[in-house]
file model-v8.txt (compact mmCIF, C-alpha atoms)
# COMPACT_ATOMS: atom_id res chain seq x y z
CA MET A 590 -12.26 22.02 1.76
CA ASN A 591 -15.00 22.24 4.33
CA ALA A 592 -14.72 19.35 6.75
CA ASN A 593 -17.99 20.33 8.44
CA GLU A 594 -20.00 19.03 5.51
CA ILE A 595 -18.63 15.49 5.77
CA ASN A 596 -20.23 12.90 8.03
CA VAL A 597 -17.40 11.14 9.84
CA LEU A 598 -17.84 7.79 11.58
CA ASP A 599 -15.16 6.10 13.67
CA VAL A 600 -15.24 2.38 12.95
CA LYS A 601 -13.32 -0.20 14.92
CA ALA A 602 -11.80 -3.40 13.60
CA ASP A 603 -12.90 -6.55 15.33
CA ILE A 604 -10.76 -9.62 14.86
CA LEU A 605 -13.93 -11.46 13.95
CA GLU A 606 -13.64 -15.17 13.56
CA ASP A 607 -17.03 -14.93 11.94
CA ASN A 608 -16.23 -12.14 9.48
CA ASP A 609 -17.56 -14.35 6.68
CA LYS A 610 -20.85 -14.78 8.54
CA GLU A 611 -21.13 -11.03 9.05
CA ALA A 612 -20.32 -10.54 5.35
CA ASN A 613 -23.39 -12.63 4.50
CA VAL A 614 -25.46 -10.46 6.84
CA VAL A 615 -24.24 -7.43 4.89
CA ARG A 616 -25.17 -9.08 1.58
CA ASP A 617 -28.69 -9.86 2.85
CA TYR A 618 -29.05 -6.27 4.04
CA LEU A 619 -27.99 -4.97 0.62
CA LYS A 620 -30.45 -7.30 -1.10
CA GLU A 621 -33.28 -6.08 1.14
CA LYS A 622 -32.34 -2.46 0.45
CA LYS A 623 -31.78 -3.14 -3.29
CA VAL A 624 -28.37 -1.52 -3.10
CA PHE A 625 -25.35 -2.81 -5.04
CA LEU A 626 -22.07 -2.51 -3.12
CA VAL A 627 -18.64 -2.39 -4.77
CA ASN A 628 -15.51 -2.89 -2.67
CA LEU A 629 -12.82 -0.83 -4.40
CA MET A 630 -9.27 -1.78 -3.43
CA ALA A 631 -5.79 -0.62 -4.45
CA SER A 632 -2.43 0.61 -3.16
CA PRO A 633 -2.15 4.15 -1.80
CA GLY A 634 -2.12 6.56 -4.72
CA ALA A 635 -3.26 4.07 -7.37
CA GLY A 636 -6.09 6.39 -8.39
CA LYS A 637 -9.13 5.10 -6.48
CA THR A 638 -10.62 8.53 -5.87
CA THR A 639 -10.05 9.86 -9.39
CA THR A 640 -11.58 6.66 -10.76
CA LEU A 641 -14.60 7.10 -8.49
CA VAL A 642 -15.12 10.71 -9.57
CA ARG A 643 -15.16 9.75 -13.27
CA THR A 644 -17.43 6.77 -12.53
CA ILE A 645 -19.86 8.95 -10.57
CA ASN A 646 -19.98 11.43 -13.45
CA ALA A 647 -20.71 8.60 -15.91
CA LEU A 648 -23.48 7.02 -13.82
CA LYS A 649 -25.07 9.68 -11.65
CA ASP A 650 -27.98 10.30 -14.03
CA ARG A 651 -28.79 6.59 -14.02
CA TYR A 652 -28.23 5.60 -10.37
CA LYS A 653 -28.30 7.32 -7.01
CA ILE A 654 -24.75 6.81 -5.73
CA GLY A 655 -23.22 6.72 -2.29
CA VAL A 656 -19.56 6.45 -1.34
CA MET A 657 -18.00 5.27 1.93
CA GLU A 658 -14.48 6.65 2.15
CA ALA A 659 -12.40 4.48 4.47
CA ASP A 660 -9.25 6.20 5.61
CA VAL A 661 -6.93 5.90 8.53
CA ASP A 662 -7.27 9.64 8.87
CA SER A 663 -8.27 12.82 6.96
CA ASP A 664 -11.22 13.58 4.70
CA VAL A 665 -9.49 14.81 1.55
CA ASP A 666 -11.03 12.08 -0.61
CA ALA A 667 -14.49 12.47 0.90
CA VAL A 668 -14.61 16.15 -0.01
CA THR A 669 -13.48 15.40 -3.59
CA VAL A 670 -16.10 12.69 -4.07
CA GLN A 671 -18.87 14.74 -2.50
CA ASN A 672 -18.10 17.56 -4.91
CA ALA A 673 -18.65 15.07 -7.77
CA GLY A 674 -22.25 14.62 -6.65
CA ALA A 675 -22.33 11.45 -4.55
CA LYS A 676 -23.66 11.02 -1.02
CA VAL A 677 -20.55 10.55 1.09
CA ILE A 678 -19.68 9.22 4.50
CA GLN A 679 -16.15 9.20 5.85
CA LEU A 680 -15.09 6.13 7.84
CA HIS A 681 -12.09 6.56 10.10
CA THR A 682 -10.59 3.13 10.70
CA GLY A 683 -8.58 4.20 13.75
CA GLY A 684 -5.29 2.81 12.50
CA SER A 685 -6.74 -0.36 10.96
CA CYS A 686 -5.32 -1.04 7.51
CA HIS A 687 -8.52 -2.56 6.12
CA MET A 688 -12.30 -2.63 6.41
CA ASP A 689 -14.08 -5.73 7.68
CA ALA A 690 -17.73 -6.78 7.32
CA ASN A 691 -18.80 -5.37 10.67
CA MET A 692 -17.24 -1.98 9.97
CA THR A 693 -18.91 -1.99 6.57
CA HIS A 694 -22.29 -2.80 8.09
CA CYS A 695 -21.94 0.10 10.55
CA GLY A 696 -21.01 2.41 7.69
CA LEU A 697 -23.97 1.35 5.54
CA GLU A 698 -26.42 1.89 8.40
CA GLU A 699 -24.97 5.29 9.23
CA MET A 700 -25.11 6.31 5.55
CA ASP A 701 -28.83 5.43 5.26
CA LEU A 702 -29.37 3.45 2.07
CA ASP A 703 -32.92 4.60 1.38
CA GLY A 704 -33.04 6.13 -2.09
CA LEU A 705 -29.58 4.82 -3.08
CA ASP A 706 -28.92 2.26 -5.86
CA LEU A 707 -25.16 1.89 -5.82
CA VAL A 708 -22.57 2.30 -3.07
CA PHE A 709 -18.79 2.23 -3.39
CA LEU A 710 -16.58 1.38 -0.47
CA GLU A 711 -13.23 3.02 -1.12
CA ASN A 712 -11.14 0.70 1.04
CA VAL A 713 -7.92 1.73 2.81
CA GLY A 714 -4.98 1.96 0.38
CA ASN A 715 -3.33 -1.44 0.86
CA LEU A 716 -2.88 -4.60 -1.24
CA VAL A 717 -2.60 -7.00 1.71
CA CYS A 718 -5.30 -6.99 4.41
CA PRO A 719 -8.29 -5.68 2.42
CA ALA A 720 -7.96 -8.85 0.31
CA GLU A 721 -8.36 -11.02 3.42
CA PHE A 722 -11.65 -9.53 4.61
CA ASP A 723 -14.90 -10.14 2.75
CA VAL A 724 -16.91 -7.01 3.57
CA GLY A 725 -20.11 -8.37 2.00
CA ALA A 726 -19.81 -6.41 -1.24
CA ASN A 727 -21.55 -7.67 -4.37
CA LYS A 728 -18.39 -7.23 -6.38
CA LYS A 729 -14.74 -6.62 -5.61
CA VAL A 730 -12.85 -4.28 -7.92
CA THR A 731 -9.10 -3.65 -7.83
CA ILE A 732 -6.90 -1.04 -9.48
CA LEU A 733 -3.25 -1.81 -10.17
CA SER A 734 -1.63 1.33 -11.52
CA VAL A 735 1.15 1.25 -14.10
CA PRO A 736 3.77 3.02 -11.91
CA GLU A 737 3.49 0.22 -9.31
CA GLY A 738 4.96 -2.32 -11.73
CA ASP A 739 3.79 -5.43 -13.57
CA ASP A 740 5.06 -7.82 -10.87
CA LYS A 741 2.55 -6.92 -8.15
CA PRO A 742 0.34 -10.01 -8.79
CA LEU A 743 3.38 -12.16 -7.88
CA LYS A 744 3.92 -10.26 -4.64
CA TYR A 745 0.32 -9.78 -3.47
CA PRO A 746 -1.38 -12.83 -5.02
CA LEU A 747 -4.46 -12.95 -2.78
CA MET A 748 -5.68 -9.54 -3.94
CA PHE A 749 -5.60 -10.71 -7.55
CA GLN A 750 -7.19 -14.06 -6.72
CA ILE A 751 -10.23 -12.61 -4.96
CA THR A 752 -11.07 -9.66 -7.17
CA ASP A 753 -13.79 -9.72 -9.86
CA PHE A 754 -12.55 -6.90 -12.06
CA LEU A 755 -9.05 -5.50 -12.42
CA MET A 756 -8.28 -2.10 -13.85
CA ILE A 757 -4.72 -1.47 -14.98
CA GLY A 758 -4.80 2.19 -14.02
CA LYS A 759 -2.86 5.27 -15.16
CA ILE A 760 -2.42 3.60 -18.55
CA ASP A 761 -1.78 7.10 -20.01
CA VAL A 762 1.70 7.12 -18.39
CA LYS A 763 2.70 3.68 -19.68
CA PRO A 764 5.20 5.18 -22.17
CA VAL A 765 7.39 6.47 -19.33
CA PHE A 766 7.42 3.25 -17.27
CA ASP A 767 8.81 -0.24 -17.88
CA PHE A 768 5.44 -1.95 -17.49
CA ASP A 769 5.00 -5.21 -19.38
CA GLU A 770 1.22 -5.42 -19.80
CA ASP A 771 1.30 -8.90 -21.36
CA ALA A 772 3.38 -10.26 -18.49
CA CYS A 773 1.06 -8.62 -15.96
CA ARG A 774 -2.01 -10.12 -17.61
CA GLN A 775 -0.37 -13.56 -17.59
CA TYR A 776 0.50 -13.32 -13.86
CA VAL A 777 -3.10 -12.33 -13.15
CA ARG A 778 -4.61 -15.07 -15.36
CA ASP A 779 -2.44 -17.67 -13.62
CA LEU A 780 -4.02 -16.64 -10.31
CA ASN A 781 -7.53 -15.94 -11.53
CA PRO A 782 -8.56 -17.22 -14.97
CA GLU A 783 -12.06 -15.68 -14.77
CA ILE A 784 -11.04 -12.11 -14.07
CA GLU A 785 -11.73 -9.20 -16.42
CA VAL A 786 -8.62 -7.06 -16.95
CA VAL A 787 -9.12 -3.62 -18.50
CA PRO A 788 -6.49 -0.90 -18.94
CA VAL A 789 -7.93 2.50 -17.97
CA SER A 790 -6.95 6.09 -17.41
CA ALA A 791 -9.12 8.04 -15.01
CA LYS A 792 -7.36 11.13 -16.32
CA THR A 793 -8.11 10.71 -20.05
CA GLY A 794 -11.09 8.35 -19.82
CA GLU A 795 -9.41 5.59 -21.83
CA GLY A 796 -11.02 2.21 -21.13
CA PHE A 797 -13.85 3.66 -19.04
CA ASP A 798 -16.53 2.50 -21.47
CA LYS A 799 -15.57 -1.13 -20.75
CA TRP A 800 -15.53 -0.57 -17.00
CA ILE A 801 -18.87 1.25 -17.01
CA ASP A 802 -20.41 -1.45 -19.27
CA TRP A 803 -19.23 -4.22 -16.96
CA LEU A 804 -20.44 -2.42 -13.82
CA THR A 805 -23.83 -1.51 -15.30
CA ASN A 806 -24.33 -5.09 -16.47
CA GLU A 807 -23.55 -6.44 -12.97
CA ILE A 808 -25.88 -3.92 -11.31
CA GLU A 809 -28.73 -4.81 -13.70
CA LYS A 810 -28.20 -8.55 -13.07
CA PHE A 811 -28.39 -7.89 -9.31
CA ARG A 812 -31.58 -5.83 -9.71
CA ALA A 813 -33.19 -8.48 -11.94
CA GLU A 814 -32.41 -11.18 -9.34
CA GLY A 815 -34.01 -9.02 -6.65
CA GLN A 816 -37.38 -8.79 -8.47
CA MET B 1316 15.30 -16.60 -11.49
CA ASN B 1317 16.54 -19.42 -9.32
CA ALA B 1318 14.52 -19.66 -6.14
CA ASN B 1319 16.79 -22.37 -4.79
CA GLU B 1320 19.52 -19.86 -4.09
CA ILE B 1321 17.34 -17.79 -1.78
CA ASN B 1322 17.09 -18.57 1.93
CA VAL B 1323 13.40 -18.32 2.81
CA LEU B 1324 12.17 -17.97 6.40
CA ASP B 1325 8.53 -18.03 7.43
CA VAL B 1326 7.98 -15.45 10.15
CA LYS B 1327 4.82 -15.11 12.18
CA ALA B 1328 3.33 -11.93 13.57
CA ASP B 1329 2.75 -11.86 17.29
CA ILE B 1330 0.35 -9.29 18.57
CA LEU B 1331 3.00 -8.29 21.06
CA GLU B 1332 2.00 -5.88 23.75
CA ASP B 1333 5.70 -5.56 24.38
CA ASN B 1334 6.77 -4.96 20.77
CA ASP B 1335 8.59 -1.85 21.96
CA LYS B 1336 10.52 -3.91 24.51
CA GLU B 1337 11.46 -6.44 21.85
CA ALA B 1338 12.52 -3.56 19.58
CA ASN B 1339 15.01 -2.50 22.25
CA VAL B 1340 16.31 -6.08 22.41
CA VAL B 1341 16.88 -5.89 18.64
CA ARG B 1342 18.74 -2.57 19.01
CA ASP B 1343 21.00 -4.03 21.71
CA TYR B 1344 21.69 -7.04 19.49
CA LEU B 1345 22.61 -4.77 16.57
CA LYS B 1346 24.92 -2.72 18.81
CA GLU B 1347 26.66 -5.88 20.00
CA LYS B 1348 27.07 -7.10 16.42
CA LYS B 1349 28.06 -3.58 15.18
CA VAL B 1350 25.43 -3.79 12.44
CA PHE B 1351 23.37 -0.78 11.35
CA LEU B 1352 19.77 -1.66 10.45
CA VAL B 1353 17.57 0.45 8.17
CA ASN B 1354 13.80 -0.16 8.08
CA LEU B 1355 12.77 0.78 4.52
CA MET B 1356 9.05 1.41 4.11
CA ALA B 1357 6.78 2.46 1.23
CA SER B 1358 3.65 1.60 -0.72
CA PRO B 1359 3.69 -1.36 -3.10
CA GLY B 1360 5.54 -0.35 -6.24
CA ALA B 1361 7.07 2.83 -4.82
CA GLY B 1362 10.53 1.68 -5.85
CA LYS B 1363 12.00 0.11 -2.69
CA THR B 1364 13.87 -2.64 -4.52
CA THR B 1365 15.26 -0.42 -7.28
CA THR B 1366 16.39 2.05 -4.61
CA LEU B 1367 18.11 -0.77 -2.71
CA VAL B 1368 19.92 -2.01 -5.79
CA ARG B 1369 21.35 1.45 -6.54
CA THR B 1370 22.24 1.93 -2.85
CA ILE B 1371 24.02 -1.44 -2.71
CA ASN B 1372 26.00 -0.54 -5.82
CA ALA B 1373 27.02 2.78 -4.26
CA LEU B 1374 28.09 1.29 -0.91
CA LYS B 1375 29.17 -2.31 -1.44
CA ASP B 1376 32.87 -1.47 -1.64
CA ARG B 1377 32.65 0.37 1.68
CA TYR B 1378 30.30 -1.87 3.70
CA LYS B 1379 29.30 -5.53 3.76
CA ILE B 1380 25.56 -5.36 3.14
CA GLY B 1381 22.69 -7.69 3.96
CA VAL B 1382 19.05 -7.36 2.93
CA MET B 1383 15.97 -8.93 4.53
CA GLU B 1384 13.18 -8.99 1.97
CA ALA B 1385 9.83 -9.12 3.73
CA ASP B 1386 7.03 -10.18 1.44
CA VAL B 1387 3.66 -11.76 1.87
CA ASP B 1388 4.75 -14.18 -0.82
CA SER B 1389 7.25 -14.64 -3.71
CA ASP B 1390 10.97 -13.99 -3.95
CA VAL B 1391 11.18 -11.72 -6.99
CA ASP B 1392 12.79 -8.90 -5.01
CA ALA B 1393 15.20 -11.19 -3.18
CA VAL B 1394 16.62 -12.50 -6.45
CA THR B 1395 17.04 -8.95 -7.81
CA VAL B 1396 18.84 -7.75 -4.70
CA GLN B 1397 21.05 -10.82 -4.47
CA ASN B 1398 22.15 -10.23 -8.05
CA ALA B 1399 23.25 -6.74 -6.98
CA GLY B 1400 25.74 -8.30 -4.59
CA ALA B 1401 24.11 -8.26 -1.15
CA LYS B 1402 23.58 -11.16 1.22
CA VAL B 1403 19.86 -11.80 1.10
CA ILE B 1404 17.25 -13.56 3.18
CA GLN B 1405 13.60 -13.75 2.19
CA LEU B 1406 11.06 -13.38 4.99
CA HIS B 1407 7.58 -14.65 4.26
CA THR B 1408 5.16 -12.89 6.59
CA GLY B 1409 2.35 -15.39 6.09
CA GLY B 1410 -0.29 -12.82 5.24
CA SER B 1411 0.85 -10.23 7.77
CA CYS B 1412 1.00 -6.75 6.29
CA HIS B 1413 3.98 -5.61 8.33
CA MET B 1414 7.10 -6.75 10.17
CA ASP B 1415 7.31 -6.50 13.95
CA ALA B 1416 10.35 -6.55 16.26
CA ASN B 1417 10.14 -10.27 16.99
CA MET B 1418 9.94 -11.19 13.30
CA THR B 1419 12.89 -8.88 12.64
CA HIS B 1420 14.92 -10.50 15.41
CA CYS B 1421 14.25 -13.97 13.94
CA GLY B 1422 15.29 -12.73 10.50
CA LEU B 1423 18.54 -11.17 11.78
CA GLU B 1424 19.51 -14.37 13.62
CA GLU B 1425 18.73 -16.50 10.59
CA MET B 1426 20.73 -14.19 8.33
CA ASP B 1427 23.86 -14.40 10.55
CA LEU B 1428 25.25 -10.91 11.06
CA ASP B 1429 28.92 -11.88 11.43
CA GLY B 1430 30.91 -9.99 8.83
CA LEU B 1431 28.05 -7.60 7.94
CA ASP B 1432 28.07 -3.83 8.55
CA LEU B 1433 24.72 -2.70 7.20
CA VAL B 1434 21.37 -4.46 6.86
CA PHE B 1435 18.25 -3.21 5.12
CA LEU B 1436 14.84 -4.53 6.05
CA GLU B 1437 12.63 -4.07 2.97
CA ASN B 1438 9.31 -3.99 4.79
CA VAL B 1439 6.00 -5.16 3.28
CA GLY B 1440 4.60 -2.60 0.80
CA ASN B 1441 2.12 -0.72 2.99
CA LEU B 1442 1.88 2.80 4.44
CA VAL B 1443 -0.27 1.82 7.44
CA CYS B 1444 0.88 -1.02 9.72
CA PRO B 1445 4.65 -0.89 9.19
CA ALA B 1446 4.51 2.62 10.70
CA GLU B 1447 2.94 1.23 13.89
CA PHE B 1448 5.63 -1.35 14.65
CA ASP B 1449 9.10 -0.35 15.83
CA VAL B 1450 11.26 -3.22 14.54
CA GLY B 1451 14.37 -2.03 16.38
CA ALA B 1452 16.02 -0.45 13.36
CA ASN B 1453 18.60 2.28 13.85
CA LYS B 1454 16.87 4.46 11.27
CA LYS B 1455 13.52 4.43 9.49
CA VAL B 1456 13.50 5.47 5.85
CA THR B 1457 10.39 5.99 3.73
CA ILE B 1458 9.87 6.42 0.00
CA LEU B 1459 6.83 8.31 -1.28
CA SER B 1460 6.82 8.06 -5.07
CA VAL B 1461 5.55 10.87 -7.27
CA PRO B 1462 2.77 8.79 -8.94
CA GLU B 1463 1.16 8.19 -5.52
CA GLY B 1464 0.34 11.87 -5.14
CA ASP B 1465 1.38 14.74 -2.90
CA ASP B 1466 -1.51 14.24 -0.44
CA LYS B 1467 -0.31 10.95 1.07
CA PRO B 1468 1.09 12.60 4.24
CA LEU B 1469 -2.46 13.81 4.98
CA LYS B 1470 -3.88 10.32 4.57
CA TYR B 1471 -1.17 8.23 6.25
CA PRO B 1472 0.21 10.70 8.79
CA LEU B 1473 1.83 8.21 11.17
CA MET B 1474 4.25 6.96 8.51
CA PHE B 1475 5.49 10.49 7.93
CA GLN B 1476 5.66 11.29 11.66
CA ILE B 1477 7.86 8.34 12.57
CA THR B 1478 10.30 8.27 9.67
CA ASP B 1479 13.79 9.76 9.81
CA PHE B 1480 14.42 10.28 6.10
CA LEU B 1481 11.91 10.68 3.30
CA MET B 1482 12.73 10.13 -0.34
CA ILE B 1483 10.32 11.59 -2.88
CA GLY B 1484 10.87 8.79 -5.37
CA LYS B 1485 10.46 8.51 -9.15
CA ILE B 1486 11.18 12.25 -9.41
CA ASP B 1487 12.12 11.64 -13.07
CA VAL B 1488 8.43 11.20 -13.97
CA LYS B 1489 7.28 14.37 -12.19
CA PRO B 1490 6.61 16.16 -15.51
CA VAL B 1491 3.78 13.71 -16.35
CA PHE B 1492 2.05 13.87 -12.94
CA ASP B 1493 0.26 16.62 -11.02
CA PHE B 1494 2.55 16.39 -8.01
CA ASP B 1495 2.96 19.58 -5.98
CA GLU B 1496 6.35 19.08 -4.32
CA ASP B 1497 6.10 22.26 -2.23
CA ALA B 1498 2.69 21.22 -0.89
CA CYS B 1499 3.99 17.73 -0.12
CA ARG B 1500 6.99 19.12 1.75
CA GLN B 1501 4.71 21.39 3.77
CA TYR B 1502 2.38 18.49 4.74
CA VAL B 1503 5.41 16.48 5.82
CA ARG B 1504 6.99 19.37 7.76
CA ASP B 1505 3.72 19.96 9.60
CA LEU B 1506 3.88 16.36 10.83
CA ASN B 1507 7.61 16.06 11.34
CA PRO B 1508 9.68 19.27 11.40
CA GLU B 1509 13.01 17.39 11.81
CA ILE B 1510 12.72 15.13 8.78
CA GLU B 1511 15.06 15.22 5.80
CA VAL B 1512 13.15 15.25 2.49
CA VAL B 1513 15.13 14.49 -0.67
CA PRO B 1514 13.74 13.99 -4.20
CA VAL B 1515 15.40 11.01 -5.85
CA SER B 1516 15.20 8.83 -8.92
CA ALA B 1517 16.49 5.29 -8.54
CA LYS B 1518 16.33 5.09 -12.33
CA THR B 1519 18.50 8.12 -13.18
CA GLY B 1520 20.38 8.47 -9.89
CA GLU B 1521 19.15 12.01 -9.26
CA GLY B 1522 19.38 12.89 -5.55
CA PHE B 1523 21.27 9.72 -4.61
CA ASP B 1524 24.37 11.63 -3.51
CA LYS B 1525 22.31 13.29 -0.76
CA TRP B 1526 20.75 9.99 0.33
CA ILE B 1527 24.09 8.18 0.36
CA ASP B 1528 25.74 11.06 2.27
CA TRP B 1529 23.01 11.02 4.91
CA LEU B 1530 23.11 7.25 5.29
CA THR B 1531 26.93 7.06 5.44
CA ASN B 1532 26.98 9.83 8.05
CA GLU B 1533 24.42 7.98 10.20
CA ILE B 1534 26.33 4.69 9.91
CA GLU B 1535 29.60 6.36 10.89
CA LYS B 1536 27.95 8.06 13.91
CA PHE B 1537 26.62 4.64 14.99
CA ARG B 1538 30.05 3.04 14.61
CA ALA B 1539 31.77 5.87 16.51
CA GLU B 1540 29.30 5.46 19.39
CA GLY B 1541 30.03 1.73 19.46
CA GLN B 1542 33.78 2.20 20.03
call {"tool": "encode", "arguments": {"input": "model-v8.txt", "output": "structure tokens"}}
result
Amino acid sequence: MNANEINVLDVKADILEDNDKEANVVRDYLKEKKVFLVNLMASPGAGKTTTLVRTINALKDRYKIGVMEADVDSDVDAVTVQNAGAKVIQLHTGGSCHMDANMTHCGLEEMDLDGLDLVFLENVGNLVCPAEFDVGANKKVTILSVPEGDDKPLKYPLMFQITDFLMIGKIDVKPVFDFDEDACRQYVRDLNPEIEVVPVSAKTGEGFDKWIDWLTNEIEKFRAEGQ
Amino acid sequence: MNANEINVLDVKADILEDNDKEANVVRDYLKEKKVFLVNLMASPGAGKTTTLVRTINALKDRYKIGVMEADVDSDVDAVTVQNAGAKVIQLHTGGSCHMDANMTHCGLEEMDLDGLDLVFLENVGNLVCPAEFDVGANKKVTILSVPEGDDKPLKYPLMFQITDFLMIGKIDVKPVFDFDEDACRQYVRDLNPEIEVVPVSAKTGEGFDKWIDWLTNEIEKFRAEGQ
């Protein structure tokens, strides 16, 4: 790992009363730049980075992709994602457990969006605070991995209410865990009837066609609206 | 599940500049009441509740045990733990992603410590903020589960610096994950040379003798000091 190759930006959390207003500023900025931003959220170790690497590989011939890696510390994920062929910036949140709209705006400006089509914000691993802060992304995507258990929608309901697309990740290890997929889907539907729920494995590729189809469709709708 | 049987307390996070001072107040209160408090921290779905249930079963003939279940919402864990035979109080953190010393103090007073020997605080599932707030516990215990990956100490270093005992949880599923235990131990040792690291499975019981021995030893030291 060569840390020198990664652009690292220290971002500071404001307790912004007007985070929602700033989120709209971010959305306008993205529209102007014709860049589609995905806010990717999950617990620590749910598979965000592995999912990003497979997604980049599936889409890098079609779109120019950037990734903002938000971490409390370290650049292990940034190096992995850069090696997959995306433009990467590391955001150090200085102890903050989430990204807000202002931090996201700073990150997007530092990254330089010219020539990019699609940017992923890999949010801090956390099911609580990232759900509370609209960062201005076009779509919110969440991974709940099988080892975490089917009851997480009951315990962290806001995350499942606000997300647009839910991956049930690490589906390849389902045989060794007591994970009731039907129960999980019902908990999620009770909170968010509109949500798409797709079981995936970033390791084997299972379910990725559905995820890539959904994402591509959303990106093309965004581009068509921007004409 | 019968929610009516669970005592639910809404606790509010103060941004206390003097959280450390309040943590010392909590420690004095515990000393006076001769109650040993463990702050149990981990990611969502790392196995905190299953670990507590097995621990309660191992120790309930020796100690009177209470559990404070801190959750953003829901009481699924509280019901599970109460069924295992502990005295339980549910703390709703109202969106806060961690417990602080003041919230802990409120919870302990509401629980009523008379007749208890040992209390576990099951903190909110999160590797970031709970590490930043000393709640006044006698010992801090963290679970890192195998499916989360061996690199978590690099990404959430503070949690691994401040904890007294680390369980590598869900060790029974290690064969199906790429988890380098030696690397993980080295990352942890680099941050915290004094820490005890023990692989456990709350499902099979592997490693629990070491965890129970450590905990019992710490409780007995605390009780001897209180004479």
call {"tool": "closest_atom_pairs", "arguments": {"input": "model-v8.txt", "of": "chain B", "to": "chain A", "cutoff": "7 Å", "atoms": "all atoms listed in the file", "output": "JSON lines"}}
result
{"residue": "B:Ser1358", "atom": "CA", "partner": "A:Pro633", "partner_atom": "CA", "distance": 6.4}
{"residue": "B:Pro1359", "atom": "CA", "partner": "A:Glu737", "partner_atom": "CA", "distance": 6.4}
{"residue": "B:Gly1360", "atom": "CA", "partner": "A:Glu737", "partner_atom": "CA", "distance": 3.7}
{"residue": "B:Ala1361", "atom": "CA", "partner": "A:Glu737", "partner_atom": "CA", "distance": 6.3}
{"residue": "B:Asp1386", "atom": "CA", "partner": "A:Lys744", "partner_atom": "CA", "distance": 6.8}
{"residue": "B:Val1387", "atom": "CA", "partner": "A:Tyr745", "partner_atom": "CA", "distance": 6.6}
{"residue": "B:Asp1388", "atom": "CA", "partner": "A:Lys744", "partner_atom": "CA", "distance": 5.5}
{"residue": "B:Ser1389", "atom": "CA", "partner": "A:Lys744", "partner_atom": "CA", "distance": 5.6}
{"residue": "B:Cys1412", "atom": "CA", "partner": "A:Val717", "partner_atom": "CA", "distance": 5.8}
{"residue": "B:Asn1441", "atom": "CA", "partner": "A:Asn715", "partner_atom": "CA", "distance": 5.9}
{"residue": "B:Val1443", "atom": "CA", "partner": "A:Cys686", "partner_atom": "CA", "distance": 5.8}
{"residue": "B:Cys1444", "atom": "CA", "partner": "A:Cys686", "partner_atom": "CA", "distance": 6.6}
{"residue": "B:Pro1462", "atom": "CA", "partner": "A:Pro736", "partner_atom": "CA", "distance": 6.6}
{"residue": "B:Glu1463", "atom": "CA", "partner": "A:Gly634", "partner_atom": "CA", "distance": 3.7}
{"residue": "B:Gly1464", "atom": "CA", "partner": "A:Gly634", "partner_atom": "CA", "distance": 5.9}
{"residue": "B:Leu1469", "atom": "CA", "partner": "A:Ser663", "partner_atom": "CA", "distance": 6.2}
{"residue": "B:Lys1470", "atom": "CA", "partner": "A:Asp662", "partner_atom": "CA", "distance": 5.5}
{"residue": "B:Tyr1471", "atom": "CA", "partner": "A:Val661", "partner_atom": "CA", "distance": 6.6}
call {"tool": "atom_distance", "arguments": {"input": "model-v8.txt", "atom1": "CA of Ile654 (chain A)", "atom2": "CA of Ile784 (chain A)"}}
result
24.8 Å
call {"tool": "closest_residue", "arguments": {"input": "model-v8.txt", "among": "B:Pro1508, B:Gly1451, B:Pro1445, B:Gly1522", "to": "Val1350 (chain B)", "atoms": "all atoms listed in the file"}}
result
B:Gly1451
call {"tool": "atom_distance", "arguments": {"input": "model-v8.txt", "atom1": "CA of Gly1381 (chain B)", "atom2": "CA of Ile1477 (chain B)"}}
result
23.5 Å
call {"tool": "closest_residue", "arguments": {"input": "model-v8.txt", "among": "A:Gly704, A:Met688, A:Gln679, A:Leu641", "to": "Lys653 (chain A)", "atoms": "all atoms listed in the file"}}
result
A:Gly704
call {"tool": "residues_around", "arguments": {"input": "model-v8.txt", "residues": "Lys623 (chain A)", "least_positions_apart": "2", "cutoff": "12 Å", "atoms": "all atoms listed in the file", "output": "list of chain:residue names"}}
result
A:Val615, A:Arg616, A:Asp617, A:Tyr618, A:Leu619, A:Lys620, A:Glu621, A:Phe625, A:Leu626, A:Tyr652, A:Lys653, A:Leu702, A:Asp703, A:Gly704, A:Leu705, A:Asp706, A:Leu707, A:Val708, A:Asn727, A:Ile808, A:Glu809, A:Lys810, A:Phe811, A:Arg812, A:Ala813, A:Glu814, A:Gly815, A:Gln816
